[in-house]
Amino acid sequence: MKIKSLSIKNFRNYQDNSFNFDPKINVILGPNGIGKTNILEAIYVLTHGKSWKSQYDLDLINHDAEVANIKANISRENKEQDELFVGIQKGMGNRSQKTYKVNNVSKSLSTFSRSLNSVLFSPQDLEIIIGSPSKRRHFLNESLSQTDEKYAKEILKLKKIVTARNRLLKRINEGISGYNELEYWNQQLIESSNYIHEKRKIFITQINEFIGEKFSLISNSNAVAKITYDHSIASEQRLQEYKIAEIASKRTLVGAQKDDLLIELKKIDRFTDARYFASRGEQRTLVLVLKLASLKYIQQKLKIKIILLLDDIYSELDETHRSAIAEYFNENQVIITTAEKDLIPQNILSNSRMLNLEKKRVI
Ligand SMILES: Nc1ncnc2c1ncn2[C@@H]1O[C@H](COP(=O)(O)OP(=O)(O)OP(=O)(O)O)[C@@H](O)[C@H]1O
Ligand SMILES: [Mg+2]
């Protein structure tokens, strides 16, 4: 899969700009703050329907505009070219409305999120190791939503179930509603969580072997990495156990929205939590390995090569890490951003298309 061109209107700091990409390596060059990451973010929105950076879609719209558009032409092996479109329109308060189209036909988010496949590598990925559990769930969702439409739907459904349940818990807490009114939402929570657990379990089992081997290889040591799924079961029994706590806190305390991953490293004879015991360098290696695992999983599932988005990673990675990524440059389309040309190895530069943003009037 390749992205041929991208047009963005009123997206972040862009007014109306178009970019053509080489089927192989592309380097987006420009000083800090010019809009390099914003281009990758637009491609990310075409992949996932939303950004990894902002809680509100509204942030994606240029401060001086009401509507933002992202358009791209995509080619897949043995398939007609597709035109993808995401429109974001300002609403009331923090609200906004999004529309998704493939070849001018409207799509739901879960269908749309299978239209373009990419994996993003960014310095903020370190959050997967050191950040809150939501960052680790996001890592799981990024891989699974691209390969499994039902999973993507179920994640959206779970979000609605939890919101509705929390609203009702608040009413129960205030004495306006009775606990039996939760029955319907309890069943929904159990069903949805069970489905998501099942899929996450399979994903984690599949990537674990790769993670173990790749970590030792890249770190050039006997250290072993592994991830363990810490899932929050939603069952009648657990909901009973948490009944009082849930009413008191007005929040849903069990279910897949509370899942986490334990990411561990074994140096000599014991596994320790990478969040607290791994060095910063080891944490970076772990993130890289997790992302490569995600890439491999998506490619195996979809049986296609997908797009690599590398946001400013050359300033952070040493030679071993760079070569671990470079092995994908022969087969995948790659889009790299950098503020300093010299950070990119010469053999990559000489084989790439350069998009120099300094030469382009962005605003
Ligand atoms: N909604 C918005 N409207 C207008 N400008 C915005 C909006 N959101 C972000 N920006 C601006 O976009 C600019 C470019 O951001 P971006 O993160 O893409 O820069 P960058 O080239 O990746 O920089 P760096 O090299 O520092 O990573 C920022 O200066 C930011 O203020
Ligand atoms: Mg940037």
# chains A, B, ... in the order shown; residues from 1 in each chain; ligands from 1
call {"tool": "residues_near_ligand", "arguments": {"ligand": "ligand 1", "cutoff": "10 Å", "atoms": "only C-alpha atoms and all ligand atoms", "output": "PyMOL selection string"}}
result
chain A and resi 10-15+28-42+53-54+57-65+68+123+311-312+337-340+357-358+362-363
call {"tool": "select_by_dssp", "arguments": {"residues": "segment 69-260 of chain A", "states": "alpha helix (DSSP H)", "output": "PyMOL selection string"}}
result
chain A and resi 109-112+127-130+133-147+149-173+183-219+236-241+243-249
call {"tool": "closest_residue", "arguments": {"among": "A:Ile204, A:Ala274, A:Ile176, A:Ala256", "to": "Ala223 of chain A", "atoms": "only C-alpha atoms"}}
result
A:Ala274
call {"tool": "atom_distance", "arguments": {"atom1": "atom CA of Ile25 of chain A", "atom2": "atom CA of Glu327 of chain A"}}
result
12.5 Å
call {"tool": "residues_around", "arguments": {"residues": "Arg322 of chain A", "least_positions_apart": "5", "cutoff": "12 Å", "atoms": "only C-alpha atoms", "output": "MDAnalysis selection string"}}
result
chainID A and resid 218 284:285 288 310 313:317 327:329 343:345 348
call {"tool": "write_last_selection", "arguments": {"atoms": "C-alpha atoms", "output": "tab-separated table (two decimals), in the first residue's frame"}}
result
chain	number	residue	atom	x	y	z
A	218	ILE	CA	18.57	-5.07	18.92
A	284	ARG	CA	13.36	3.16	23.75
A	285	THR	CA	14.40	-0.24	22.45
A	288	LEU	CA	10.76	0.23	18.90
A	310	LEU	CA	8.77	8.10	11.20
A	313	ILE	CA	13.10	9.56	15.30
A	314	TYR	CA	16.65	10.03	14.06
A	315	SER	CA	17.50	12.44	16.85
A	316	GLU	CA	16.72	9.76	19.42
A	317	LEU	CA	18.01	6.51	18.00
A	327	GLU	CA	15.62	-3.16	6.95
A	328	TYR	CA	12.02	-2.18	6.14
A	329	PHE	CA	13.04	0.61	3.77
A	343	LEU	CA	20.71	13.27	11.02
A	344	ILE	CA	19.50	11.11	8.14
A	345	PRO	CA	22.08	8.56	6.97
A	348	ILE	CA	18.83	6.94	2.82
call {"tool": "closest_residue", "arguments": {"among": "A:Asn78, A:Asn20, A:Gln300, A:Gln124", "to": "ligand 2", "atoms": "only C-alpha atoms and all ligand atoms"}}
result
A:Gln124
call {"tool": "closest_residue", "arguments": {"among": "A:Lys291, A:Leu261, A:Leu169, A:Val334", "to": "Ile244 of chain A", "atoms": "only C-alpha atoms"}}
result
A:Leu169
call {"tool": "closest_residue", "arguments": {"among": "A:Lys50, A:Arg137, A:Arg167, A:Lys153", "to": "Arg251 of chain A", "atoms": "only C-alpha atoms"}}
result
A:Arg167
call {"tool": "closest_residue", "arguments": {"among": "A:Lys150, A:Lys243, A:Arg270, A:Lys2", "to": "Asn26 of chain A", "atoms": "only C-alpha atoms"}}
result
A:Lys2
call {"tool": "residues_around", "arguments": {"residues": "Lys170 of chain A", "least_positions_apart": "6", "cutoff": "9 Å", "atoms": "only C-alpha atoms", "output": "PyMOL selection string"}}
result
chain A and resi 176-177+247-251
call {"tool": "select_by_dssp", "arguments": {"residues": "segment 76-275 of chain A", "states": "strand (DSSP E)", "output": "NGL selection string"}}
result
:A and (82-90 or 96-102 or 105-107 or 118-121 or 224-230 or 260-266 or 271-273)
call {"tool": "write_last_selection", "arguments": {"atoms": "N, CA and C atoms", "output": "compact mmCIF listing (two decimals), in the first residue's frame"}}
result
# COMPACT_ATOMS: atom_id res chain seq x y z
N ASP A 82 -7.61 4.41 -4.71
CA ASP A 82 -8.73 4.90 -3.89
C ASP A 82 -8.50 6.36 -3.51
N GLU A 83 -9.60 7.11 -3.47
CA GLU A 83 -9.50 8.47 -2.94
C GLU A 83 -10.15 8.49 -1.56
N LEU A 84 -9.36 8.87 -0.57
CA LEU A 84 -9.87 8.91 0.80
C LEU A 84 -10.12 10.36 1.21
N PHE A 85 -11.12 10.53 2.06
CA PHE A 85 -11.47 11.88 2.48
C PHE A 85 -11.89 11.88 3.94
N VAL A 86 -11.37 12.82 4.72
CA VAL A 86 -11.89 13.06 6.07
C VAL A 86 -12.23 14.55 6.18
N GLY A 87 -13.44 14.86 6.57
CA GLY A 87 -13.86 16.24 6.78
C GLY A 87 -14.15 16.46 8.26
N ILE A 88 -13.66 17.56 8.80
CA ILE A 88 -13.91 17.86 10.22
C ILE A 88 -14.55 19.25 10.28
N GLN A 89 -15.70 19.32 10.90
CA GLN A 89 -16.43 20.59 10.96
C GLN A 89 -16.65 21.00 12.41
N LYS A 90 -16.42 22.26 12.68
CA LYS A 90 -16.62 22.81 14.03
C LYS A 90 -18.09 22.70 14.44
N SER A 96 -17.30 18.64 17.47
CA SER A 96 -17.05 18.75 16.03
C SER A 96 -17.65 17.52 15.36
N GLN A 97 -17.82 17.62 14.07
CA GLN A 97 -18.42 16.51 13.32
C GLN A 97 -17.45 16.05 12.28
N LYS A 98 -17.36 14.72 12.10
CA LYS A 98 -16.43 14.21 11.10
C LYS A 98 -17.18 13.41 10.05
N THR A 99 -16.71 13.50 8.82
CA THR A 99 -17.25 12.64 7.77
C THR A 99 -16.10 11.89 7.11
N TYR A 100 -16.37 10.63 6.79
CA TYR A 100 -15.35 9.78 6.15
C TYR A 100 -15.88 9.31 4.81
N LYS A 101 -15.04 9.41 3.78
CA LYS A 101 -15.47 8.94 2.46
C LYS A 101 -14.36 8.16 1.78
N VAL A 102 -14.77 7.11 1.06
CA VAL A 102 -13.85 6.41 0.16
C VAL A 102 -14.46 6.50 -1.22
N VAL A 105 -17.91 7.96 -1.40
CA VAL A 105 -19.02 7.27 -0.73
C VAL A 105 -18.78 7.34 0.78
N SER A 106 -19.78 7.80 1.52
CA SER A 106 -19.63 7.95 2.97
C SER A 106 -19.43 6.60 3.65
N LYS A 107 -18.59 6.57 4.66
CA LYS A 107 -18.30 5.34 5.39
C LYS A 107 -18.39 5.60 6.89
N SER A 118 -1.05 2.15 8.19
CA SER A 118 0.27 2.70 8.47
C SER A 118 0.63 2.47 9.93
N VAL A 119 1.92 2.55 10.22
CA VAL A 119 2.37 2.51 11.61
C VAL A 119 3.24 3.75 11.84
N LEU A 120 2.94 4.44 12.92
CA LEU A 120 3.68 5.65 13.26
C LEU A 120 4.73 5.35 14.33
N PHE A 121 5.94 5.84 14.12
CA PHE A 121 6.99 5.79 15.14
C PHE A 121 7.26 7.22 15.54
N VAL A 224 15.76 -10.40 28.02
CA VAL A 224 14.53 -10.89 27.39
C VAL A 224 13.40 -9.91 27.72
N ALA A 225 12.58 -9.61 26.72
CA ALA A 225 11.43 -8.74 26.97
C ALA A 225 10.15 -9.56 26.81
N LYS A 226 9.16 -9.23 27.61
CA LYS A 226 7.86 -9.89 27.42
C LYS A 226 6.73 -8.98 27.86
N ILE A 227 5.58 -9.18 27.27
CA ILE A 227 4.42 -8.43 27.73
C ILE A 227 3.36 -9.40 28.24
N THR A 228 2.70 -9.00 29.30
CA THR A 228 1.66 -9.82 29.89
C THR A 228 0.37 -9.00 29.91
N TYR A 229 -0.69 -9.66 29.55
CA TYR A 229 -1.99 -8.99 29.48
C TYR A 229 -2.63 -8.95 30.86
N ASP A 230 -2.90 -7.76 31.34
CA ASP A 230 -3.56 -7.59 32.63
C ASP A 230 -4.98 -7.14 32.31
N ASP A 260 -4.82 -3.37 30.98
CA ASP A 260 -3.47 -2.82 30.95
C ASP A 260 -2.51 -3.90 30.45
N LEU A 261 -1.31 -3.49 30.17
CA LEU A 261 -0.25 -4.42 29.77
C LEU A 261 0.89 -4.28 30.75
N LEU A 262 1.46 -5.41 31.12
CA LEU A 262 2.66 -5.37 31.95
C LEU A 262 3.83 -5.63 31.01
N ILE A 263 4.73 -4.67 30.92
CA ILE A 263 5.87 -4.80 30.00
C ILE A 263 7.11 -5.03 30.84
N GLU A 264 7.73 -6.19 30.64
CA GLU A 264 8.83 -6.57 31.53
C GLU A 264 10.12 -6.91 30.79
N LEU A 265 11.21 -6.77 31.52
CA LEU A 265 12.54 -7.10 31.02
C LEU A 265 13.23 -8.04 31.98
N LYS A 266 13.87 -9.08 31.44
CA LYS A 266 14.66 -9.97 32.29
C LYS A 266 16.12 -9.79 31.95
N PHE A 271 12.28 -11.14 36.01
CA PHE A 271 11.60 -10.12 35.21
C PHE A 271 11.25 -8.93 36.09
N THR A 272 11.50 -7.72 35.58
CA THR A 272 11.10 -6.52 36.33
C THR A 272 10.30 -5.59 35.41
N ASP A 273 9.47 -4.80 36.01
CA ASP A 273 8.59 -3.87 35.28
C ASP A 273 9.44 -2.81 34.56
call {"tool": "closest_residue", "arguments": {"among": "A:Trp52, A:Ser122, A:Leu286, A:Arg171", "to": "ligand 2", "atoms": "only C-alpha atoms and all ligand atoms"}}
result
A:Ser122
call {"tool": "residues_around", "arguments": {"residues": "Glu198 of chain A", "least_positions_apart": "6", "cutoff": "12 Å", "atoms": "only C-alpha atoms", "output": "list of chain:residue names"}}
result
A:Leu144, A:Tyr151, A:Glu154, A:Glu191, A:Ser192, A:Ile204, A:Thr205, A:Tyr229, A:His231, A:Ser232, A:Ile233, A:Ala256
